[in-house]
$ cat entry.txt   # compact mmCIF, C-alpha atoms and all ligand atoms
# COMPACT_ATOMS: atom_id res chain seq x y z
CA MET A 64 -201.36 17.12 -44.37
CA ASP A 65 -197.66 16.92 -43.51
CA LEU A 66 -196.88 18.44 -40.15
CA PHE A 67 -193.38 17.00 -39.86
CA SER A 68 -191.74 19.54 -42.14
CA THR A 69 -192.66 22.38 -39.80
CA GLY A 70 -192.74 20.42 -36.55
CA GLU A 71 -195.93 22.34 -35.82
CA LEU A 72 -198.50 20.47 -33.75
CA VAL A 73 -201.79 22.24 -33.29
CA ASN A 74 -204.64 21.48 -30.92
CA LEU A 75 -207.72 20.85 -33.08
CA LEU A 76 -210.08 21.50 -30.15
CA PRO A 77 -210.96 25.13 -29.33
CA TYR A 78 -211.31 24.44 -25.56
CA ASP A 79 -211.77 21.72 -22.90
CA GLY A 80 -209.35 19.16 -24.33
CA GLU A 81 -206.44 18.43 -26.62
CA VAL A 82 -206.54 16.60 -29.93
CA ILE A 83 -203.41 16.49 -32.05
CA TYR A 84 -203.26 15.21 -35.60
CA TYR A 85 -199.75 14.10 -36.60
CA GLY A 86 -200.65 13.21 -40.21
CA GLN A 87 -199.05 10.18 -41.83
CA LEU A 88 -196.74 8.44 -39.36
CA ILE A 89 -196.29 5.14 -41.21
CA PRO A 90 -193.99 5.21 -44.27
CA ALA A 91 -195.94 4.84 -47.54
CA ASP A 92 -194.09 1.63 -48.50
CA LYS A 93 -195.22 -0.09 -45.27
CA LEU A 94 -198.94 0.76 -45.47
CA ASN A 95 -200.04 -2.28 -47.46
CA TYR A 96 -197.86 -4.56 -45.36
CA TYR A 97 -199.50 -3.41 -42.12
CA LEU A 98 -203.05 -3.46 -43.49
CA GLU A 99 -202.59 -7.04 -44.70
CA GLN A 100 -200.85 -8.23 -41.53
CA LEU A 101 -203.45 -6.69 -39.27
CA MET A 102 -206.28 -8.08 -41.39
CA ASN A 103 -204.85 -11.62 -41.27
CA GLN A 104 -202.95 -11.90 -37.98
CA VAL A 105 -205.27 -10.19 -35.55
CA ILE A 106 -207.92 -12.40 -33.96
CA TRP A 107 -211.02 -10.41 -34.93
CA LYS A 108 -214.38 -10.92 -33.23
CA ASN A 109 -217.72 -9.24 -33.66
CA ASP A 110 -218.22 -6.70 -30.90
CA GLU A 111 -220.94 -7.30 -28.36
CA ALA A 112 -222.81 -4.75 -26.32
CA VAL A 113 -225.78 -4.61 -24.00
CA ILE A 114 -227.78 -1.49 -24.78
CA PHE A 115 -231.10 -0.84 -23.00
CA GLY A 116 -230.97 -4.44 -21.83
CA LYS A 117 -230.69 -5.73 -25.39
CA HIS A 118 -227.78 -7.95 -26.48
CA ILE A 119 -226.33 -6.50 -29.67
CA ILE A 120 -223.67 -7.92 -32.00
CA THR A 121 -221.99 -5.38 -34.28
CA LYS A 122 -220.89 -5.91 -37.88
CA ARG A 123 -217.70 -4.02 -37.05
CA LYS A 124 -215.01 -6.37 -35.71
CA VAL A 125 -212.83 -5.74 -32.69
CA ALA A 126 -209.77 -7.11 -30.93
CA TRP A 127 -207.92 -6.20 -27.79
CA TYR A 128 -204.21 -6.66 -27.17
CA GLY A 129 -201.91 -5.66 -24.31
CA ASP A 130 -198.99 -6.25 -21.96
CA ALA A 131 -201.10 -8.65 -19.88
CA GLU A 132 -204.45 -10.41 -20.12
CA TYR A 133 -206.33 -7.39 -18.77
CA ALA A 134 -210.07 -7.68 -18.27
CA TYR A 135 -211.75 -4.64 -19.78
CA THR A 136 -215.42 -3.67 -19.51
CA TYR A 137 -217.30 -1.34 -21.82
CA SER A 138 -220.83 -1.26 -23.25
CA ASN A 139 -221.71 -3.64 -20.40
CA THR A 140 -219.55 -6.48 -21.72
CA THR A 141 -216.17 -7.74 -20.48
CA LYS A 142 -213.25 -8.63 -22.75
CA HIS A 143 -209.82 -10.12 -22.06
CA ALA A 144 -206.71 -8.83 -23.81
CA LEU A 145 -204.42 -11.04 -25.93
CA LEU A 146 -200.66 -10.55 -25.72
CA TRP A 147 -198.98 -8.20 -28.27
CA THR A 148 -197.98 -9.61 -31.67
CA ALA A 149 -194.58 -8.53 -33.06
CA ASP A 150 -196.24 -6.10 -35.51
CA LEU A 151 -198.44 -4.53 -32.84
CA LEU A 152 -195.44 -4.10 -30.56
CA ALA A 153 -193.50 -2.40 -33.39
CA LEU A 154 -196.42 -0.03 -34.01
CA LYS A 155 -196.79 0.68 -30.28
CA ASN A 156 -193.07 1.57 -30.08
CA LEU A 157 -193.38 3.92 -33.06
CA VAL A 158 -196.39 5.68 -31.52
CA GLU A 159 -194.66 5.97 -28.13
CA GLN A 160 -191.56 7.48 -29.76
CA GLN A 161 -193.68 10.00 -31.61
CA THR A 162 -195.90 11.05 -28.70
CA GLY A 163 -193.62 10.59 -25.68
CA ALA A 164 -196.49 8.73 -23.98
CA ARG A 165 -196.51 5.07 -22.86
CA PHE A 166 -199.31 2.59 -23.55
CA ASN A 167 -200.07 -0.89 -22.18
CA SER A 168 -203.01 -1.94 -24.33
CA CYS A 169 -204.68 -1.46 -27.68
CA LEU A 170 -208.28 -1.73 -28.85
CA LEU A 171 -208.51 -2.52 -32.56
CA ASN A 172 -211.51 -1.92 -34.83
CA LEU A 173 -212.10 -3.31 -38.32
CA TYR A 174 -214.70 -1.47 -40.41
CA HIS A 175 -215.33 -3.53 -43.56
CA ASP A 176 -216.70 -0.50 -45.45
CA GLY A 177 -218.52 2.80 -44.92
CA ASP A 178 -221.65 0.96 -43.80
CA GLU A 179 -219.85 0.36 -40.49
CA GLY A 180 -218.91 3.15 -38.08
CA MET A 181 -218.92 4.06 -34.41
CA ALA A 182 -221.59 6.17 -32.72
CA TRP A 183 -220.96 9.20 -30.47
CA HIS A 184 -219.14 8.20 -27.29
CA SER A 185 -216.26 9.14 -24.99
CA ASP A 186 -213.58 6.76 -23.81
CA ASP A 187 -214.11 7.65 -20.17
CA GLU A 188 -214.19 4.19 -18.59
CA LYS A 189 -212.85 4.09 -15.02
CA SER A 190 -210.11 1.65 -16.06
CA LEU A 191 -208.49 4.39 -18.19
CA GLY A 192 -208.20 6.81 -15.28
CA ARG A 193 -208.66 10.58 -15.51
CA ASN A 194 -207.27 12.70 -18.36
CA THR A 195 -206.04 9.62 -20.19
CA THR A 196 -204.01 9.82 -23.42
CA ILE A 197 -205.30 7.74 -26.35
CA ALA A 198 -203.29 7.39 -29.58
CA SER A 199 -205.25 6.38 -32.67
CA LEU A 200 -203.48 4.88 -35.69
CA SER A 201 -205.44 4.36 -38.93
CA PHE A 202 -204.87 1.99 -41.88
CA GLY A 203 -206.78 1.54 -45.12
CA ALA A 204 -209.71 3.64 -46.27
CA GLU A 205 -209.65 7.32 -45.30
CA ARG A 206 -212.62 8.16 -43.06
CA LYS A 207 -214.11 11.25 -41.51
CA PHE A 208 -213.86 11.55 -37.72
CA ALA A 209 -215.73 14.07 -35.56
CA PHE A 210 -215.77 15.54 -32.06
CA LYS A 211 -218.84 17.11 -30.39
CA HIS A 212 -218.69 19.14 -27.17
CA LYS A 213 -221.06 17.72 -24.54
CA ASP A 214 -222.42 21.17 -23.49
CA THR A 215 -221.91 23.62 -26.34
CA LYS A 216 -222.54 20.94 -29.03
CA GLN A 217 -219.75 22.49 -31.14
CA VAL A 218 -218.49 20.00 -33.74
CA VAL A 219 -214.91 19.65 -35.00
CA SER A 220 -214.15 17.14 -37.75
CA LEU A 221 -211.18 15.91 -39.74
CA LEU A 222 -210.12 13.15 -42.13
CA LEU A 223 -208.07 10.24 -40.82
CA GLU A 224 -205.63 9.26 -43.56
CA ASN A 225 -204.08 5.86 -44.22
CA GLY A 226 -201.09 5.51 -41.84
CA SER A 227 -202.00 8.58 -39.78
CA LEU A 228 -201.77 9.21 -36.04
CA LEU A 229 -204.29 11.15 -33.94
CA VAL A 230 -203.82 11.75 -30.21
CA MET A 231 -206.60 12.66 -27.75
CA LYS A 232 -205.46 13.82 -24.31
CA GLY A 233 -206.06 16.10 -21.34
CA THR A 234 -209.75 16.61 -20.58
CA THR A 235 -210.92 15.55 -24.07
CA GLN A 236 -212.85 12.47 -22.89
CA THR A 237 -214.56 14.45 -20.09
CA HIS A 238 -215.92 17.21 -22.32
CA TRP A 239 -216.10 15.85 -25.86
CA LEU A 240 -217.78 12.93 -27.62
CA HIS A 241 -216.29 11.46 -30.79
CA ARG A 242 -217.58 9.28 -33.60
CA LEU A 243 -216.72 7.65 -36.90
CA PRO A 244 -219.74 8.45 -39.10
CA LYS A 245 -221.08 5.91 -41.58
CA THR A 246 -220.77 6.89 -45.23
CA THR A 247 -221.94 5.43 -48.55
CA LYS A 248 -218.79 6.84 -50.23
CA VAL A 249 -216.33 4.36 -48.71
CA THR A 250 -216.30 0.81 -50.06
CA ARG A 251 -212.90 -0.33 -48.78
CA PRO A 252 -211.95 -1.55 -45.28
CA ARG A 253 -210.31 0.50 -42.55
CA ILE A 254 -208.47 -0.74 -39.47
CA ASN A 255 -208.02 1.53 -36.46
CA LEU A 256 -205.74 0.92 -33.47
CA THR A 257 -206.34 2.91 -30.28
CA PHE A 258 -203.39 2.62 -27.90
CA ARG A 259 -204.50 3.13 -24.30
CA THR A 260 -203.25 2.94 -20.74
CA ILE A 261 -205.14 0.75 -18.31
CA VAL A 262 -204.43 1.99 -14.79
O1 LIG B 301 -212.13 4.06 -35.49
C1 LIG B 301 -211.76 5.10 -34.95
O2 LIG B 301 -211.10 5.95 -35.55
C2 LIG B 301 -212.12 5.42 -33.52
C3 LIG B 301 -212.47 4.25 -32.68
C4 LIG B 301 -212.86 4.67 -31.31
O3 LIG B 301 -213.30 5.76 -31.07
C5 LIG B 301 -212.69 3.73 -30.19
O4 LIG B 301 -212.24 2.59 -30.41
O5 LIG B 301 -213.00 4.10 -29.07
FE FE B 302 -213.37 6.11 -28.93
$ encode --input "entry.txt" --output "structure tokens" --more "lines below"
Ligand SMILES: O=C(O)CCC(=O)C(=O)O
Ligand SMILES: [Fe+2]
Amino acid sequence: MDLFSTGELVNLLPYDGEVIYYGQLIPADKLNYYLEQLMNQVIWKNDEAVIFGKHIITKRKVAWYGDAEYAYTYSNTTKHALLWTADLLALKNLVEQQTGARFNSCLLNLYHDGDEGMAWHSDDEKSLGRNTTIASLSFGAERKFAFKHKDTKQVVSLLLENGSLLVMKGTTQTHWLHRLPKTTKVTRPRINLTFRTIV
């Protein structure tokens, strides 16, 4: 999907939030460069969570970068941000230019293949404030992404292409869950960057 030719940006959600898919933001000749750099330069760790009192370590890998060494708590565990690398700063600037929003941190996820995903959740932590804007940049394998309304249970889904940008804003996190479903069809890795604002 190429939305730049028309300049048309549509809200994918029918109500109670705003989700905008910008299509491919990263030039095709830079996609492999970024995937390789992110794979090798980012300090990846297995994610940890405490769910129903149980300590869980995910196969998916995560990293957190930002303007400062923010402490960030989710899934009952606390992480500390590392300072931006040159590549991450370049990507942040590109995303800020495109969206007109400003971000001070980024949560990165590495899914080795379709056997790894992320369950239904909203990014509604207190540290993000109300009606936060989150910009999601994807590299590598194309994956399906879905939203589900918390009350009506309506589902909206789309494909996140290599080099694409998706923005969630307004009341999206209050009213909608989102997830990255697992799939047996994908055998290649995907890296996702979610630029956020810690308030
Ligand atoms: O991998 C993705 O596309 C989304 C990740 C996500 O929802 C998150 O990090 O909160
Ligand atoms: Fe999320």
$ closest_atom_pairs --input "entry.txt" --of "chain A" --to "ligand FE 302 (chain B)" --cutoff "9 Å" --atoms "all atoms listed in the file" --output "tab-separated table"
residue	atom	partner	partner_atom	distance
A:Met181	CA	B:FE302	FE	8.1
A:Trp183	CA	B:FE302	FE	8.3
A:His184	CA	B:FE302	FE	6.4
A:Ser185	CA	B:FE302	FE	5.7
A:Asp186	CA	B:FE302	FE	5.2
A:Asp187	CA	B:FE302	FE	8.9
A:Ile197	CA	B:FE302	FE	8.6
A:Ser199	CA	B:FE302	FE	8.9
A:Gln236	CA	B:FE302	FE	8.8
A:Leu240	CA	B:FE302	FE	8.2
A:His241	CA	B:FE302	FE	6.4
A:Arg242	CA	B:FE302	FE	7.0
A:Leu243	CA	B:FE302	FE	8.8
A:Thr257	CA	B:FE302	FE	7.8
$ write_last_selection --input "entry.txt" --atoms "C-alpha atoms" --output "PDB file, keeping the file's coordinate frame"
ATOM      1  CA  MET A 181    -218.920   4.060 -34.410  1.00  0.00           C
ATOM      2  CA  TRP A 183    -220.960   9.200 -30.470  1.00  0.00           C
ATOM      3  CA  HIS A 184    -219.140   8.200 -27.290  1.00  0.00           C
ATOM      4  CA  SER A 185    -216.260   9.140 -24.990  1.00  0.00           C
ATOM      5  CA  ASP A 186    -213.580   6.760 -23.810  1.00  0.00           C
ATOM      6  CA  ASP A 187    -214.110   7.650 -20.170  1.00  0.00           C
ATOM      7  CA  ILE A 197    -205.300   7.740 -26.350  1.00  0.00           C
ATOM      8  CA  SER A 199    -205.250   6.380 -32.670  1.00  0.00           C
ATOM      9  CA  GLN A 236    -212.850  12.470 -22.890  1.00  0.00           C
ATOM     10  CA  LEU A 240    -217.780  12.930 -27.620  1.00  0.00           C
ATOM     11  CA  HIS A 241    -216.290  11.460 -30.790  1.00  0.00           C
ATOM     12  CA  ARG A 242    -217.580   9.280 -33.600  1.00  0.00           C
ATOM     13  CA  LEU A 243    -216.720   7.650 -36.900  1.00  0.00           C
ATOM     14  CA  THR A 257    -206.340   2.910 -30.280  1.00  0.00           C
TER      15      THR A 257
END
$ axis_aligned_box --input "entry.txt" --around "ligand LIG 301 (chain B)" --padding-each-side "4 Å" --output "AutoDock Vina command-line options"
--center_x -212.2 --center_y 4.3 --center_z -32.3 --size_x 10.2 --size_y 11.4 --size_z 14.5
$ closest_atom_pairs --input "entry.txt" --of "chain A" --to "ligand LIG 301 (chain B)" --cutoff "10 Å" --atoms "only C-alpha atoms and all ligand atoms" --output "JSON lines"
{"residue": "A:Arg123", "atom": "CA", "partner": "B:LIG301", "partner_atom": "O1", "distance": 9.9}
{"residue": "A:Val125", "atom": "CA", "partner": "B:LIG301", "partner_atom": "O4", "distance": 8.7}
{"residue": "A:Cys169", "atom": "CA", "partner": "B:LIG301", "partner_atom": "O4", "distance": 9.0}
{"residue": "A:Leu170", "atom": "CA", "partner": "B:LIG301", "partner_atom": "O4", "distance": 6.1}
{"residue": "A:Leu171", "atom": "CA", "partner": "B:LIG301", "partner_atom": "O4", "distance": 6.7}
{"residue": "A:Asn172", "atom": "CA", "partner": "B:LIG301", "partner_atom": "O1", "distance": 6.0}
{"residue": "A:Leu173", "atom": "CA", "partner": "B:LIG301", "partner_atom": "O1", "distance": 7.9}
{"residue": "A:Tyr174", "atom": "CA", "partner": "B:LIG301", "partner_atom": "O1", "distance": 7.8}
{"residue": "A:Glu179", "atom": "CA", "partner": "B:LIG301", "partner_atom": "O1", "distance": 9.9}
{"residue": "A:Gly180", "atom": "CA", "partner": "B:LIG301", "partner_atom": "O1", "distance": 7.3}
{"residue": "A:Met181", "atom": "CA", "partner": "B:LIG301", "partner_atom": "C3", "distance": 6.7}
{"residue": "A:Ala182", "atom": "CA", "partner": "B:LIG301", "partner_atom": "O3", "distance": 8.5}
{"residue": "A:Trp183", "atom": "CA", "partner": "B:LIG301", "partner_atom": "O3", "distance": 8.4}
{"residue": "A:His184", "atom": "CA", "partner": "B:LIG301", "partner_atom": "O3", "distance": 7.4}
{"residue": "A:Ser185", "atom": "CA", "partner": "B:LIG301", "partner_atom": "O5", "distance": 7.3}
{"residue": "A:Asp186", "atom": "CA", "partner": "B:LIG301", "partner_atom": "O5", "distance": 5.9}
{"residue": "A:Asp187", "atom": "CA", "partner": "B:LIG301", "partner_atom": "O5", "distance": 9.6}
{"residue": "A:Ile197", "atom": "CA", "partner": "B:LIG301", "partner_atom": "O5", "distance": 8.9}
{"residue": "A:Ala198", "atom": "CA", "partner": "B:LIG301", "partner_atom": "C2", "distance": 9.9}
{"residue": "A:Ser199", "atom": "CA", "partner": "B:LIG301", "partner_atom": "O2", "distance": 6.5}
{"residue": "A:Leu200", "atom": "CA", "partner": "B:LIG301", "partner_atom": "O2", "distance": 7.7}
{"residue": "A:Ser201", "atom": "CA", "partner": "B:LIG301", "partner_atom": "O2", "distance": 6.8}
{"residue": "A:Phe202", "atom": "CA", "partner": "B:LIG301", "partner_atom": "O2", "distance": 9.7}
{"residue": "A:Glu205", "atom": "CA", "partner": "B:LIG301", "partner_atom": "O2", "distance": 10.0}
{"residue": "A:Arg206", "atom": "CA", "partner": "B:LIG301", "partner_atom": "O2", "distance": 8.0}
{"residue": "A:Lys207", "atom": "CA", "partner": "B:LIG301", "partner_atom": "O2", "distance": 8.5}
{"residue": "A:Phe208", "atom": "CA", "partner": "B:LIG301", "partner_atom": "O2", "distance": 6.6}
{"residue": "A:Ala209", "atom": "CA", "partner": "B:LIG301", "partner_atom": "O2", "distance": 9.3}
{"residue": "A:Leu222", "atom": "CA", "partner": "B:LIG301", "partner_atom": "O2", "distance": 9.8}
{"residue": "A:Leu223", "atom": "CA", "partner": "B:LIG301", "partner_atom": "O2", "distance": 7.4}
{"residue": "A:Leu228", "atom": "CA", "partner": "B:LIG301", "partner_atom": "O2", "distance": 9.9}
{"residue": "A:Leu229", "atom": "CA", "partner": "B:LIG301", "partner_atom": "O2", "distance": 8.7}
{"residue": "A:Leu240", "atom": "CA", "partner": "B:LIG301", "partner_atom": "O3", "distance": 9.1}
{"residue": "A:His241", "atom": "CA", "partner": "B:LIG301", "partner_atom": "O3", "distance": 6.4}
{"residue": "A:Arg242", "atom": "CA", "partner": "B:LIG301", "partner_atom": "O3", "distance": 6.1}
{"residue": "A:Leu243", "atom": "CA", "partner": "B:LIG301", "partner_atom": "C1", "distance": 5.9}
{"residue": "A:Pro244", "atom": "CA", "partner": "B:LIG301", "partner_atom": "O1", "distance": 9.5}
{"residue": "A:Arg253", "atom": "CA", "partner": "B:LIG301", "partner_atom": "O1", "distance": 8.1}
{"residue": "A:Ile254", "atom": "CA", "partner": "B:LIG301", "partner_atom": "O1", "distance": 7.2}
{"residue": "A:Asn255", "atom": "CA", "partner": "B:LIG301", "partner_atom": "O1", "distance": 4.9}
{"residue": "A:Leu256", "atom": "CA", "partner": "B:LIG301", "partner_atom": "O4", "distance": 7.4}
{"residue": "A:Thr257", "atom": "CA", "partner": "B:LIG301", "partner_atom": "O4", "distance": 5.9}
{"residue": "A:Phe258", "atom": "CA", "partner": "B:LIG301", "partner_atom": "O4", "distance": 9.2}
{"residue": "A:Arg259", "atom": "CA", "partner": "B:LIG301", "partner_atom": "O5", "distance": 9.8}
$ closest_residue --input "entry.txt" --among "A:Leu154, A:Tyr137, A:Asp110, A:Ser227" --to "A:Tyr97" --atoms "only C-alpha atoms"
A:Leu154
$ closest_residue --input "entry.txt" --among "A:Leu75, A:Ala204, A:Ala164, A:Ile89" --to "A:Thr250" --atoms "only C-alpha atoms"
A:Ala204
$ atom_distance --input "entry.txt" --atom1 "atom CA of A:Leu94" --atom2 "atom CA of A:Val73"
24.9 Å
$ atom_distance --input "entry.txt" --atom1 "atom CA of A:Glu81" --atom2 "atom CA of A:Thr196"
9.5 Å
$ atom_distance --input "entry.txt" --atom1 "atom CA of A:Val219" --atom2 "atom CA of A:Leu76"
7.1 Å
$ closest_residue --input "entry.txt" --among "A:Thr162, A:Thr234, A:Thr246, A:Asn225" --to "A:Leu98" --atoms "all atoms listed in the file"
A:Asn225
$ residues_around --input "entry.txt" --residues "A:Gln104" --least-positions-apart "3" --cutoff "12 Å" --atoms "all atoms listed in the file" --output "list of chain:residue names"
A:Tyr96, A:Tyr97, A:Leu98, A:Glu99, A:Gln100, A:Leu101, A:Trp107, A:Ala126, A:Trp147, A:Thr148, A:Ala149, A:Asp150, A:Leu151
$ closest_residue --input "entry.txt" --among "A:Thr237, A:Ser220, A:Asn156, A:Thr140" --to "A:Tyr84" --atoms "all atoms listed in the file"
A:Ser220
$ closest_residue --input "entry.txt" --among "A:Pro90, A:Asn139, A:Pro77, A:Thr195" --to "A:Leu157" --atoms "only C-alpha atoms"
A:Pro90
$ residues_around --input "entry.txt" --residues "A:Ala134" --least-positions-apart "6" --cutoff "10 Å" --atoms "only C-alpha atoms" --output "list in words"
Trp127, Thr141, Lys142, His143, Ala144, Ser190 and Ile261 of chain A
$ residues_near_point --input "entry.txt" --point "(-213.2, 24.0, -26.3)" --cutoff "9 Å" --atoms "only C-alpha atoms" --output "PyMOL selection string"
chain A and resi 76-81+212+215+217+238-239
$ closest_residue --input "entry.txt" --among "A:Phe115, A:Lys245, A:Asn109, A:Lys232" --to "A:Gly192" --atoms "all atoms listed in the file"
A:Lys232
